[in-house]
Structure formats: structure tokens, C-alpha cells
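Source file: run39.txt. Holds: compact mmCIF, C-alpha atoms.
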# COMPACT_ATOMS: atom_id res chain seq x y z
CA MET V 1 22.59 -20.36 23.74
CA ALA V 2 24.52 -19.45 26.90
CA GLU V 3 27.26 -17.83 24.80
CA GLN V 4 24.63 -15.89 22.89
CA VAL V 5 23.07 -14.61 26.12
CA GLU V 6 26.48 -13.48 27.38
CA GLU V 7 27.09 -11.62 24.11
CA TYR V 8 23.75 -9.87 24.53
CA ARG V 9 24.52 -8.93 28.13
CA SER V 10 27.80 -7.32 27.09
CA TRP V 11 25.89 -4.52 25.39
CA LEU V 12 22.56 -4.83 27.21
CA ASP V 13 24.10 -3.95 30.59
CA PRO V 14 25.05 -0.38 29.59
CA LEU V 15 21.86 -0.01 27.55
CA ILE V 16 19.64 -0.96 30.49
CA GLN V 17 21.51 1.50 32.71
CA LYS V 18 20.84 4.19 30.15
CA ILE V 19 17.12 3.57 29.69
CA SER V 20 16.08 2.56 33.22
CA PRO V 21 15.63 6.18 34.44
CA LYS V 22 13.16 6.71 31.58
CA LEU V 23 10.91 4.03 33.08
CA GLY V 24 10.15 5.89 36.31
CA GLU V 25 11.68 6.69 39.70
CA ASP V 26 11.31 3.08 40.90
CA PHE V 27 13.68 1.85 38.19
CA THR V 28 16.93 3.51 39.26
CA ASP V 29 18.16 0.14 40.54
CA VAL V 30 17.12 -2.83 38.42
CA GLN V 31 17.79 -6.35 37.32
CA TYR V 32 16.66 -7.86 34.04
CA LYS V 33 15.85 -11.13 32.33
CA ILE V 34 16.16 -11.78 28.61
CA SER V 35 14.67 -14.20 26.12
CA VAL V 36 15.32 -14.60 22.42
CA PRO V 37 12.51 -15.45 19.95
CA THR V 38 13.59 -18.41 17.84
CA ASP V 39 11.68 -17.32 14.74
CA SER V 40 13.14 -13.85 14.12
CA HIS V 41 16.84 -13.80 14.95
CA PHE V 42 17.82 -14.46 11.31
CA LEU V 43 16.61 -11.04 10.15
CA SER V 44 17.71 -9.00 13.15
CA ARG V 45 18.74 -9.33 16.75
CA LEU V 46 15.39 -9.22 18.51
CA ILE V 47 15.52 -9.59 22.28
CA LEU V 48 12.70 -9.58 24.81
CA VAL V 49 13.74 -7.92 28.06
CA GLU V 50 11.92 -7.92 31.41
CA ILE V 51 13.23 -5.16 33.68
CA ILE V 52 12.49 -5.58 37.38
CA ALA V 53 12.73 -2.74 39.92
CA ASN V 54 14.84 -3.76 42.92
CA ASN V 55 13.87 -1.03 45.38
CA SER V 56 10.12 -0.87 44.86
CA LYS V 57 7.91 -1.92 47.78
CA GLU V 58 5.60 -3.56 45.29
CA GLU V 59 6.70 -5.80 42.44
CA LYS V 60 7.20 -3.56 39.43
CA LYS V 61 8.45 -4.67 36.06
CA VAL V 62 8.45 -3.45 32.48
CA ASN V 63 8.63 -5.65 29.39
CA LEU V 64 10.54 -4.30 26.41
CA VAL V 65 11.50 -5.34 22.89
CA VAL V 66 15.05 -4.53 21.80
CA LYS V 67 15.89 -4.54 18.08
CA ARG V 68 19.37 -4.42 16.57
CA PRO V 69 20.71 -5.22 13.09
CA SER V 70 21.91 -8.71 12.29
CA LEU V 71 25.61 -9.40 12.80
CA VAL V 72 25.65 -11.25 9.47
CA GLU V 73 26.77 -8.87 6.74
CA ALA V 74 24.95 -10.75 3.97
CA VAL V 75 21.66 -10.42 5.88
CA ARG V 76 22.20 -6.69 6.42
CA LYS V 77 22.94 -6.24 2.74
CA MET V 78 19.90 -8.26 1.66
CA LEU V 79 17.60 -6.23 3.94
CA ASN V 80 19.34 -2.86 3.48
CA SER V 81 19.50 -2.75 7.27
CA ASP V 82 21.22 0.65 7.45
CA GLN V 83 18.35 2.27 5.57
CA GLN V 84 15.65 0.34 7.42
CA PHE V 85 16.95 1.18 10.88
CA HIS V 86 17.38 4.80 9.80
CA ASN V 87 13.75 4.95 8.67
CA GLU V 88 12.30 3.32 11.78
CA ILE V 89 14.36 5.49 14.12
CA LEU V 90 13.29 8.55 12.12
CA PHE V 91 9.66 7.47 12.48
CA TYR V 92 9.80 7.06 16.25
CA LYS V 93 11.97 10.11 16.97
CA LYS V 94 10.30 12.60 14.65
CA TYR V 95 6.80 11.35 13.82
CA ALA V 96 5.46 9.08 16.54
CA THR V 97 6.44 11.23 19.51
CA ASP V 98 3.67 11.52 22.12
CA ARG V 99 1.41 9.23 20.08
CA THR V 100 -0.65 6.53 21.75
CA ASP V 101 -1.54 4.53 18.63
CA PHE V 102 1.93 2.96 18.31
CA SER V 103 4.23 1.02 20.60
CA ARG V 104 5.94 3.47 22.92
CA CYS V 105 9.57 3.99 21.90
CA ILE V 106 11.73 4.09 25.03
CA TYR V 107 15.05 4.66 23.28
CA ALA V 108 16.54 4.71 19.77
CA ASP V 109 20.05 5.33 18.51
CA GLU V 110 21.39 5.09 14.95
CA LYS V 111 24.89 3.63 14.73
CA PRO V 112 25.27 1.55 11.56
CA PRO V 113 26.15 -1.04 10.58
CA VAL V 114 25.57 -3.22 13.67
CA ASP V 115 25.15 -0.95 16.71
CA SER V 116 21.86 0.78 15.90
CA VAL V 117 19.20 0.01 18.49
CA ILE V 118 15.46 0.51 18.98
CA VAL V 119 13.82 -0.18 22.34
CA LEU V 120 10.03 -0.47 22.37
CA GLU V 121 7.38 -1.24 24.93
CA ASN V 122 6.20 -4.85 24.61
CA VAL V 123 2.55 -4.42 23.61
CA ILE V 124 1.89 -8.15 23.87
CA THR V 125 2.55 -8.33 27.60
CA ARG V 126 1.28 -4.80 28.36
CA TYR V 127 -1.89 -4.57 26.31
CA GLY V 128 -2.65 -8.10 25.16
CA TYR V 129 -2.06 -7.63 21.44
CA HIS V 130 -1.09 -10.64 19.35
CA LEU V 131 -0.07 -11.51 15.83
CA GLN V 132 -2.80 -13.11 13.76
CA ARG V 133 -1.78 -16.70 13.09
CA VAL V 134 -3.83 -16.95 9.91
CA LYS V 135 -1.95 -15.14 7.15
CA GLN V 136 -3.52 -16.70 4.05
CA ASP V 137 -7.06 -15.59 3.14
CA ILE V 138 -7.65 -13.84 6.44
CA PRO V 139 -11.19 -13.45 7.82
CA MET V 140 -12.81 -10.34 6.38
CA GLU V 141 -13.29 -8.83 9.85
CA TYR V 142 -9.51 -8.69 10.21
CA ALA V 143 -9.04 -7.14 6.78
CA ILE V 144 -11.63 -4.49 7.66
CA ALA V 145 -10.05 -3.80 11.06
CA ALA V 146 -6.63 -3.47 9.44
CA CYS V 147 -7.87 -1.07 6.77
CA LYS V 148 -9.67 1.08 9.34
CA GLU V 149 -6.44 1.47 11.29
CA LEU V 150 -4.53 2.10 8.07
CA ALA V 151 -7.01 4.87 7.25
CA ARG V 152 -6.29 6.44 10.64
CA PHE V 153 -2.55 6.17 9.97
CA HIS V 154 -2.90 7.88 6.59
CA ALA V 155 -5.34 10.49 7.92
CA ASN V 156 -2.95 11.53 10.69
CA ALA V 157 -0.27 12.05 8.06
CA TYR V 158 -2.65 14.16 5.93
CA ALA V 159 -3.43 16.27 8.99
CA MET V 160 0.24 16.83 9.75
CA LYS V 161 0.95 17.63 6.10
CA GLU V 162 -1.68 20.37 6.13
CA GLN V 163 -1.22 21.70 9.66
CA ARG V 164 2.56 21.31 10.18
CA LYS V 165 3.75 21.20 6.60
CA GLU V 166 7.41 22.11 7.12
CA GLU V 167 7.84 19.60 9.93
CA PHE V 168 6.07 16.91 7.90
CA PHE V 169 8.22 17.30 4.80
CA ASP V 170 11.37 17.46 6.90
CA ILE V 171 10.51 13.88 7.90
CA ILE V 172 9.54 12.84 4.38
CA ASN V 173 12.76 14.22 2.89
CA ASN V 174 14.82 12.20 5.35
CA ILE V 175 13.27 8.82 4.45
CA ARG V 176 15.77 6.58 2.67
CA GLU V 177 14.80 4.17 -0.11
CA ASP V 178 15.33 0.67 1.23
CA ARG V 179 14.04 -1.66 -1.48
CA PHE V 180 13.24 -0.31 -4.92
CA HIS V 181 16.32 0.44 -7.01
CA GLU V 182 16.48 -0.09 -10.76
CA HIS V 183 19.11 -2.83 -10.54
CA GLY V 184 18.48 -4.01 -6.97
CA ASP V 185 17.61 -7.56 -5.97
CA VAL V 186 13.95 -6.77 -5.25
CA THR V 187 13.58 -5.24 -8.71
CA ILE V 188 15.21 -8.29 -10.30
CA VAL V 189 12.80 -10.55 -8.40
CA ILE V 190 9.76 -8.51 -9.45
CA GLN V 191 10.95 -8.47 -13.07
CA GLY V 192 11.40 -12.24 -13.02
CA THR V 193 8.07 -13.09 -11.39
CA ALA V 194 5.68 -10.48 -12.82
CA GLY V 195 4.93 -12.53 -15.93
CA ARG V 196 3.85 -15.69 -14.11
CA ALA V 197 0.14 -14.80 -14.26
CA VAL V 198 0.36 -13.88 -17.96
CA GLU V 199 2.11 -17.14 -18.80
CA TYR V 200 -0.68 -19.05 -17.05
CA LEU V 201 -3.36 -17.10 -18.94
CA ARG V 202 -1.61 -17.80 -22.22
CA ASP V 203 -1.48 -21.52 -21.42
CA GLN V 204 -5.24 -21.38 -20.73
CA SER V 205 -5.78 -19.84 -24.19
CA TYR V 206 -6.93 -16.53 -22.71
CA ASP V 207 -7.13 -13.48 -25.03
CA GLN V 208 -3.75 -13.61 -26.81
CA ARG V 209 -3.82 -9.89 -27.66
CA PHE V 210 -4.11 -9.07 -23.98
CA CYS V 211 -1.27 -11.46 -23.13
CA ASP V 212 0.91 -9.91 -25.83
CA LYS V 213 0.24 -6.42 -24.47
CA MET V 214 1.10 -7.53 -20.95
CA ASP V 215 4.34 -9.13 -22.13
CA VAL V 216 5.36 -5.81 -23.68
CA LEU V 217 4.33 -3.90 -20.56
CA PHE V 218 6.32 -6.26 -18.35
CA GLU V 219 9.50 -6.23 -20.48
CA ASN V 220 10.97 -3.67 -18.08
CA VAL V 221 8.42 -3.61 -15.29
CA TYR V 222 10.44 -1.29 -13.06
CA LYS V 223 10.63 1.47 -15.67
CA THR V 224 7.17 1.03 -17.17
CA VAL V 225 5.14 0.38 -14.01
CA ILE V 226 6.89 0.32 -10.61
CA GLU V 227 8.42 3.81 -10.83
CA GLU V 228 5.04 5.25 -11.79
CA GLN V 229 3.24 3.31 -9.06
CA LEU V 230 5.59 4.58 -6.35
CA GLN V 231 5.65 8.19 -7.53
CA PRO V 232 3.77 10.42 -5.04
CA GLU V 233 0.95 12.45 -6.56
CA GLU V 234 -0.78 15.29 -4.76
CA PRO V 235 -3.04 15.74 -2.98
CA LEU V 236 -3.42 12.06 -2.00
CA ALA V 237 0.25 11.24 -1.38
CA THR V 238 0.72 10.40 2.29
CA LEU V 239 3.06 8.68 4.70
CA CYS V 240 2.66 4.98 3.86
CA HIS V 241 3.65 2.03 6.01
CA GLY V 242 5.36 0.53 2.97
CA ASP V 243 5.07 -3.12 4.04
CA PHE V 244 1.44 -3.41 5.09
CA THR V 245 1.34 -7.14 5.72
CA MET V 246 -0.08 -9.31 8.49
CA ASN V 247 3.39 -9.71 9.96
CA ASN V 248 3.47 -5.98 10.65
CA MET V 249 0.28 -5.54 12.62
CA MET V 250 -1.15 -6.90 15.86
CA PHE V 251 -4.72 -7.43 16.99
CA LYS V 252 -6.86 -7.81 20.09
CA ARG V 253 -10.57 -8.01 20.81
CA GLU V 254 -11.94 -5.26 23.01
CA ASN V 255 -15.63 -4.81 23.77
CA GLY V 256 -16.49 -7.16 20.93
CA GLU V 257 -14.44 -5.24 18.34
CA ILE V 258 -11.07 -5.99 16.79
CA LYS V 259 -8.42 -3.37 17.49
CA THR V 260 -5.35 -3.16 15.28
CA LEU V 261 -1.87 -1.90 16.13
CA LEU V 262 0.66 -1.23 13.36
CA ILE V 263 4.28 -2.19 13.99
CA ASP V 264 7.63 -2.21 12.13
CA PHE V 265 8.07 1.11 10.32
CA ALA V 266 11.37 0.39 8.57
CA THR V 267 9.88 0.69 5.07
CA ILE V 268 7.89 3.93 5.38
CA ARG V 269 7.60 5.97 2.20
CA TYR V 270 5.75 8.98 0.81
CA SER V 271 3.40 7.60 -1.80
CA SER V 272 -0.17 6.68 -2.69
CA PRO V 273 -2.40 5.07 -0.04
CA ALA V 274 -3.11 2.37 -2.64
CA ILE V 275 0.42 1.06 -2.08
CA ASP V 276 -0.55 -0.10 1.39
CA ILE V 277 -4.12 -1.19 0.64
CA SER V 278 -3.19 -3.26 -2.42
CA THR V 279 -0.35 -5.01 -0.58
CA LEU V 280 -2.70 -6.26 2.14
CA LEU V 281 -5.44 -7.38 -0.24
CA CYS V 282 -3.23 -9.08 -2.82
CA LEU V 283 -1.20 -10.98 -0.24
CA HIS V 284 -3.73 -11.86 2.43
CA CYS V 285 -7.11 -11.87 0.64
CA ALA V 286 -5.86 -13.38 -2.62
CA LYS V 287 -8.36 -16.20 -3.21
CA ASP V 288 -11.39 -13.99 -2.55
CA PHE V 289 -9.98 -10.98 -4.39
CA ASP V 290 -12.73 -9.62 -6.65
CA GLN V 291 -14.35 -6.29 -7.49
CA ALA V 292 -17.02 -6.61 -4.80
CA MET V 293 -14.42 -7.11 -2.08
CA LEU V 294 -12.25 -4.32 -3.44
CA ASN V 295 -15.17 -1.88 -3.53
CA ASN V 296 -16.18 -2.85 0.00
CA ILE V 297 -12.66 -2.38 1.41
CA LEU V 298 -12.21 0.98 -0.32
CA LYS V 299 -15.53 2.17 1.10
CA VAL V 300 -14.63 1.02 4.63
CA TYR V 301 -11.20 2.62 4.31
CA HIS V 302 -12.60 5.92 3.05
CA ASP V 303 -15.35 6.12 5.68
CA SER V 304 -12.76 5.66 8.42
CA LEU V 305 -10.39 8.13 6.79
CA THR V 306 -13.09 10.79 6.50
CA GLN V 307 -14.06 10.38 10.14
CA CYS V 308 -10.42 10.74 11.25
CA LEU V 309 -9.87 13.79 9.04
CA LYS V 310 -12.93 15.50 10.50
CA GLU V 311 -11.73 14.73 14.03
CA ALA V 312 -8.40 16.35 13.14
CA GLY V 313 -10.09 19.44 11.72
CA VAL V 314 -9.09 18.78 8.11
CA ASP V 315 -11.29 19.87 5.20
CA CYS V 316 -12.32 16.65 3.43
CA GLU V 317 -13.21 18.17 0.05
CA LYS V 318 -10.10 17.01 -1.81
CA TYR V 319 -10.21 13.59 -0.12
CA SER V 320 -13.38 12.38 -1.81
CA TYR V 321 -14.18 8.72 -2.39
CA GLU V 322 -14.02 9.33 -6.14
CA ALA V 323 -10.47 10.66 -5.80
CA PHE V 324 -9.33 7.57 -3.89
CA TYR V 325 -11.14 5.28 -6.33
CA GLU V 326 -9.33 6.85 -9.29
CA ASP V 327 -6.04 6.77 -7.41
CA TYR V 328 -6.46 3.04 -6.78
CA LYS V 329 -7.06 2.50 -10.50
CA LYS V 330 -3.68 4.12 -11.17
CA LYS V 331 -1.70 2.62 -8.30
CA GLY V 332 -3.50 -0.57 -7.26
CA LEU V 333 -1.41 -2.81 -9.51
CA PHE V 334 1.44 -2.44 -7.00
CA GLY V 335 0.11 -5.16 -4.69
CA PHE V 336 -0.07 -7.58 -7.63
CA PHE V 337 3.68 -7.28 -8.18
CA ILE V 338 4.33 -7.90 -4.50
CA ALA V 339 2.04 -10.95 -4.60
CA SER V 340 3.76 -12.27 -7.73
CA PHE V 341 6.83 -13.09 -5.67
CA PHE V 342 5.65 -13.14 -2.05
CA LEU V 343 2.27 -14.89 -2.18
CA VAL V 344 4.06 -18.25 -2.28
CA VAL V 345 5.65 -17.35 1.06
CA VAL V 346 2.30 -16.37 2.60
CA MET V 347 0.82 -19.66 1.37
CA ASN V 348 3.79 -21.68 2.70
CA LYS V 349 4.60 -22.98 -0.77
CA LEU V 350 8.28 -22.00 -0.76
CA LEU V 351 9.96 -25.01 0.82
CA ILE V 352 13.27 -23.45 1.83
CA ASN V 353 14.65 -21.96 5.01
CA PRO V 354 15.24 -18.19 4.91
CA GLU V 355 18.90 -18.73 5.86
CA ASP V 356 19.41 -20.79 2.71
CA LEU V 357 18.47 -17.83 0.51
CA LEU V 358 21.83 -16.28 1.35
CA ASN V 359 23.58 -19.08 -0.55
CA ILE V 360 21.45 -18.91 -3.70
CA SER V 361 21.79 -16.46 -6.59
CA VAL V 362 18.93 -14.02 -7.12
CA GLU V 363 18.30 -15.65 -10.51
CA ASP V 364 17.85 -19.05 -8.87
CA VAL V 365 15.55 -17.49 -6.28
CA VAL V 366 13.40 -16.13 -9.11
CA THR V 367 13.16 -19.60 -10.66
CA MET V 368 12.10 -21.10 -7.33
CA LEU V 369 9.48 -18.39 -6.78
CA CYS V 370 7.99 -18.87 -10.24
CA GLN V 371 7.64 -22.62 -9.75
CA ALA V 372 6.52 -22.74 -6.12
CA GLY V 373 2.86 -23.63 -5.67
CA GLY V 374 2.41 -24.67 -9.30
CA ASP V 375 -0.88 -23.97 -11.06
CA GLU V 376 -2.66 -23.27 -7.78
CA VAL V 377 -0.67 -20.08 -7.20
CA SER V 378 -0.51 -19.20 -10.90
CA LYS V 379 -4.31 -19.35 -11.18
CA ILE V 380 -4.76 -17.09 -8.13
CA LEU V 381 -2.34 -14.53 -9.59
CA ALA V 382 -4.04 -14.72 -12.99
CA ASN V 383 -7.49 -14.11 -11.49
CA MET V 384 -6.03 -11.24 -9.47
CA LEU V 385 -4.63 -9.63 -12.60
CA LEU V 386 -7.96 -9.97 -14.42
CA THR V 387 -9.84 -8.46 -11.46
CA LEU V 388 -7.48 -5.48 -11.50
CA LYS V 389 -8.00 -5.21 -15.26
CA GLU V 390 -11.79 -5.15 -14.78
CA PHE V 391 -11.44 -2.57 -12.02
CA GLY V 392 -9.54 -0.29 -14.39
CA CYS V 393 -6.01 -0.62 -13.03
CA LEU V 394 -4.60 -1.26 -16.51
CA ASP V 395 -6.56 1.43 -18.36
CA HIS V 396 -3.75 4.01 -18.26
CA LEU V 397 -1.07 1.47 -19.13
CA LEU V 398 -2.48 -0.38 -22.16
Take the structure I supplied and represent it as C-alpha cells, if you would.
Amino acid sequence: MAEQVEEYRSWLDPLIQKISPKLGEDFTDVQYKISVPTDSHFLSRLILVEIIANNSKEEKKVNLVVKRPSLVEAVRKMLNSDQQFHNEILFYKKYATDRTDFSRCIYADEKPPVDSVIVLENVITRYGYHLQRVKQDIPMEYAIAACKELARFHANAYAMKEQRKEEFFDIINNIREDRFHEHGDVTIVIQGTAGRAVEYLRDQSYDQRFCDKMDVLFENVYKTVIEEQLQPEEPLATLCHGDFTMNNMMFKRENGEIKTLLIDFATIRYSSPAIDISTLLCLHCAKDFDQAMLNNILKVYHDSLTQCLKEAGVDCEKYSYEAFYEDYKKKGLFGFFIASFFLVVVMNKLLINPEDLLNISVEDVVTMLCQAGGDEVSKILANMLLTLKEFGCLDHLL
């Protein structure tokens, strides 16, 4: 640990000197303390830094989060770290400037493969936000709070698209694809796990014609479904978070209400709002996922979106509830494919350390994902698929 701290200080010393003046006139002469979270260093170098002003009459300190790519090449390749750091730096430098609804970005510099850096205000120590410990089947009040904040996020992007169109699309056109490539590992994993629900339904003697149709549809799921799901369609295409999971948002109670703060913008994309909504619901509300819940969440989301659009001076005519409902029917299957391989992780059914994944072939990973959780997970995925079928998400595909 001591050697690790010394390695960090070798590049933190000049970084702290560079950013300290940005913190205020009291921070021209500083000292700092560092700590390293034990649960996140595998994916990136994440360091918590407390900067203390030496010359201030009163004790003044600022808590920051410093993110850098992993030093392990295999990890960077698995995560597409170059693309992800590019996207997050783009977000903070071009989109989130002067915004108060995100962590304040103190400094960001793009120097792949290992020297890129993002320095953010620590919203846990400053504002009292926290990660929600419950990830599986979250309380509905948290799902509602998350979707309200997501609606605000999407609405702000709609407003920028209409009011500062050239600037908006300059950002959009600079986003780099970080996950979905026809022959990439994520695509291979989705292809290998998508049929798990159908196999379970077939074993339960469910409608064999339906199962046969789904098998055909899923023969090349990237070409037949994923590409279409990700394709932006106007006018509802917006800036999406891209990985709208409970790990990428923080919460706090204020005046009896839950406030949500979105974090980690490495996977932003220009696509349908259903991409984000369906990811949250299929991963974190899986057991209770039914049409009533889906209708309720869409209504809450749209009410919040409409309010935010009006506040921004945007005409809401083309952003009707009916338009979003139909869009979800076309794009809402996306979250199911994410859940097909990642729900077992959310439910703590995959009994392997993340580091060990580096030593396993993607084909073996697929086998593990398909078996993890047994019938319990398979049944949840099958019910999810049938709910989406009843909602109309398969109508344009079958």
C-alpha cells in the first residue's frame, strides 16, 4: 500500500499544484491527504484527495475525486478506456460547464492510454449524497426519483438541441462508441445470453410458435435488434446516460424528498430515452417488472420531462406522452438484453471476482452468465420478456 501511495504522489504532486489555484485564493499553498477505495481500483485508478489550505486563518479544505485509467492493459481493453475517458471528458468540458446538477469538474485532461485524468468535487463529503446499497429490486420511491432526474437530464439535452443546435451536435458528433461493435466482446456476450429466457419458456412448454420466432429473431441479435434499438430517431433522440444503473447515481433525502445525482458519463450516447429507462427497470426492478409498473414509470418520467421542458421554454407539442409510449414499444427491449447478462451480477449470483474475468475467454464467460442463478434468474428474465411482449415491444419485430 505504501508503494502504491508513493506512485500516486509522483503524479499527484504536479496535478495538485496545477488545480489548487482553481479552488480559491486560500489554496495557493496546500498540503493533501489521499485514500484509495478498495472496491473500485480494478476498473480504474480512483483516488480520494483532501486538499488543505496552509495559509488560511480558518481551516479550509476541499475533497476531490481523481479518476485515471487502469495501468493494466487488459482492463483498459476490456473497458475501452480510451473511448470512455474521451466521452466523460467531452461531457464535462463541453456539456456540463456551469451546470449545478452534476459534480463540479475541477480539471480534465485527455492523454491516453494511461495519463488521462478527471478531477471532480466529492459530492459525498460536500453535499451528503450516497450510493444506494440496495441494487436488486429497489424501493419504488428510488426508481421514481431516478426517473425524474433522468427526465431532467434528457429535457436539458432537448432544450440545447433546439436552442443551441450547432453546439449540441458538435458534442454529439464527438462521442465515441465504447461498447457496441458487431464483433466486440459485449456483442458476443449479448448474443450468447439473449436466448436464456426463451430456453426457459420452451422448457416450461410455453407457446412453441412464439419460442421459434424468438429463436429466429435472436440468431443474430446485434443485426436484427441491437442496431435498430440504438439508432437515434427524431424528434425523441436525446443525449442518453448510456449506463443508467444504480452504480451511476447517488441519492440523499432533503426536506422529506429523495434527490438524485447522476454520475459517471463515460458511456453517453445519442439515442432513444428508452435506452436509459429500460436499463434501470430491467436491472433494478426486475422481479416487480409488469405493465402497471412500466406505465407508472413512463407517466412519472413524462410528467417530469414536460415540466422541465416548459421551464426551459421548449414547445412540448412533439414530446407528447403518446410519442414516448410508442418509442418505448420500439426501443424498450434494449434493457432486456442488458439484463440477460448483467442481472446475475446485480443479484450477486455470479460467484467470481472481477479480476478473474481477465483470465477467462469470452465464450466461457457467456457459459457462466447463462448458468448463474439457475431457474430463479431464468424465470425473472422470461417474465420480463413476456411483459415486454404484452406491452408491444415485439410488435414491430415479429
Do a neighbour search on V:Gln83 at 9 Å with all atoms listed in the file, toss out local chain neighbours closer than 6 positions, and write the hits as a PyMOL selection string. chain V and resi 175-178+266-267
Produce a table with one row for each residue of stretch 369-388 of chain V that has an atom at most 12 Å from any atom of stretch 214-229 of chain V, each row naming the nearest atom pair and its distance in Å at one decimal; use only C-alpha atoms; arrange rows by chain and rising residue number; format as JSON lines.
{"residue": "V:Ala382", "atom": "CA", "partner": "V:Met214", "partner_atom": "CA", "distance": 11.9}
{"residue": "V:Leu385", "atom": "CA", "partner": "V:Met214", "partner_atom": "CA", "distance": 10.3}
{"residue": "V:Leu386", "atom": "CA", "partner": "V:Met214", "partner_atom": "CA", "distance": 11.4}
Quick one: everything within 8 Å of stretch 294-309 of chain V, counting all atoms listed in the file, minus sequence neighbours fewer than 5 positions away in the same chain. Send it as a PDB file with C-alpha atoms, keeping the file's coordinate frame.
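File produced: selection26.pdb:
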ATOM      1  CA  ILE V 144     -11.630  -4.490   7.660  1.00  0.00           C
ATOM      2  CA  CYS V 147      -7.870  -1.070   6.770  1.00  0.00           C
ATOM      3  CA  LYS V 148      -9.670   1.080   9.340  1.00  0.00           C
ATOM      4  CA  LEU V 150      -4.530   2.100   8.070  1.00  0.00           C
ATOM      5  CA  ALA V 151      -7.010   4.870   7.250  1.00  0.00           C
ATOM      6  CA  ARG V 152      -6.290   6.440  10.640  1.00  0.00           C
ATOM      7  CA  HIS V 154      -2.900   7.880   6.590  1.00  0.00           C
ATOM      8  CA  ALA V 155      -5.340  10.490   7.920  1.00  0.00           C
ATOM      9  CA  ASN V 156      -2.950  11.530  10.690  1.00  0.00           C
ATOM     10  CA  TYR V 158      -2.650  14.160   5.930  1.00  0.00           C
ATOM     11  CA  ALA V 159      -3.430  16.270   8.990  1.00  0.00           C
ATOM     12  CA  PHE V 289      -9.980 -10.980  -4.390  1.00  0.00           C
ATOM     13  CA  VAL V 314      -9.090  18.780   8.110  1.00  0.00           C
ATOM     14  CA  ASP V 315     -11.290  19.870   5.200  1.00  0.00           C
ATOM     15  CA  CYS V 316     -12.320  16.650   3.430  1.00  0.00           C
ATOM     16  CA  TYR V 319     -10.210  13.590  -0.120  1.00  0.00           C
ATOM     17  CA  TYR V 321     -14.180   8.720  -2.390  1.00  0.00           C
ATOM     18  CA  PHE V 324      -9.330   7.570  -3.890  1.00  0.00           C
ATOM     19  CA  TYR V 325     -11.140   5.280  -6.330  1.00  0.00           C
TER      20      TYR V 325
END
Taking only C-alpha atoms into account, which of V:Arg196, V:Lys318, V:Asp212, V:Ala157 comes nearest V:Pro273?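 Going through V:Arg196, V:Lys318, V:Asp212, V:Ala157 one by one, the smallest distance to V:Pro273 is for V:Ala157.
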| said: As an exercise, work out the distance from atom CA of V:Ile34 to atom CA of V:Leu48 in Å and give it to one decimal place. | reply: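 Value for the atom CA of V:Ile34-atom CA of V:Leu48 distance: 5.6 Å.
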message: Report as a count of residues only all protein, DNA and RNA residues lying within 7 Å of stretch 19-26 of chain V, evaluated on only C-alpha atoms, omitting residues in the same chain fewer than 4 positions from it.
response: 5
What is the atom CA of V:Glu7-atom CA of V:Ser44 distance in Å, reported with one decimal?
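Interatomic distance, atom CA of V:Glu7 to atom CA of V:Ser44: 14.7 Å.
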As a short mmCIF file (atom, residue, chain, number, x, y, z; two decimals) with C-alpha atoms, in the frame of the given file, please: the residues near V:Leu120 (cut-off 12 Å, only C-alpha atoms, same-chain neighbours under 6 positions excluded).
data_model
loop_
_atom_site.label_atom_id
_atom_site.label_comp_id
_atom_site.auth_asym_id
_atom_site.auth_seq_id
_atom_site.Cartn_x
_atom_site.Cartn_y
_atom_site.Cartn_z
CA ILE V 19 17.12 3.57 29.69
CA LEU V 23 10.91 4.03 33.08
CA LEU V 46 15.39 -9.22 18.51
CA ILE V 47 15.52 -9.59 22.28
CA LEU V 48 12.70 -9.58 24.81
CA VAL V 49 13.74 -7.92 28.06
CA GLU V 50 11.92 -7.92 31.41
CA VAL V 62 8.45 -3.45 32.48
CA ASN V 63 8.63 -5.65 29.39
CA LEU V 64 10.54 -4.30 26.41
CA VAL V 65 11.50 -5.34 22.89
CA VAL V 66 15.05 -4.53 21.80
CA LYS V 67 15.89 -4.54 18.08
CA ARG V 68 19.37 -4.42 16.57
CA GLU V 88 12.30 3.32 11.78
CA ILE V 89 14.36 5.49 14.12
CA TYR V 92 9.80 7.06 16.25
CA PHE V 102 1.93 2.96 18.31
CA SER V 103 4.23 1.02 20.60
CA ARG V 104 5.94 3.47 22.92
CA CYS V 105 9.57 3.99 21.90
CA ILE V 106 11.73 4.09 25.03
CA TYR V 107 15.05 4.66 23.28
CA ALA V 108 16.54 4.71 19.77
CA ARG V 126 1.28 -4.80 28.36
CA ILE V 263 4.28 -2.19 13.99
CA ASP V 264 7.63 -2.21 12.13
#
Which residue gives the smallest distance to V:Thr387 among V:Ile118, V:Val346, V:Ala292, V:Ala194, with all atoms listed in the file counted?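 For V:Thr387, the nearest of the given residues is V:Ala292.
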Atom CA of V:Asp276 sits from atom CA of V:Glu199 at a separation of 26.6 Å
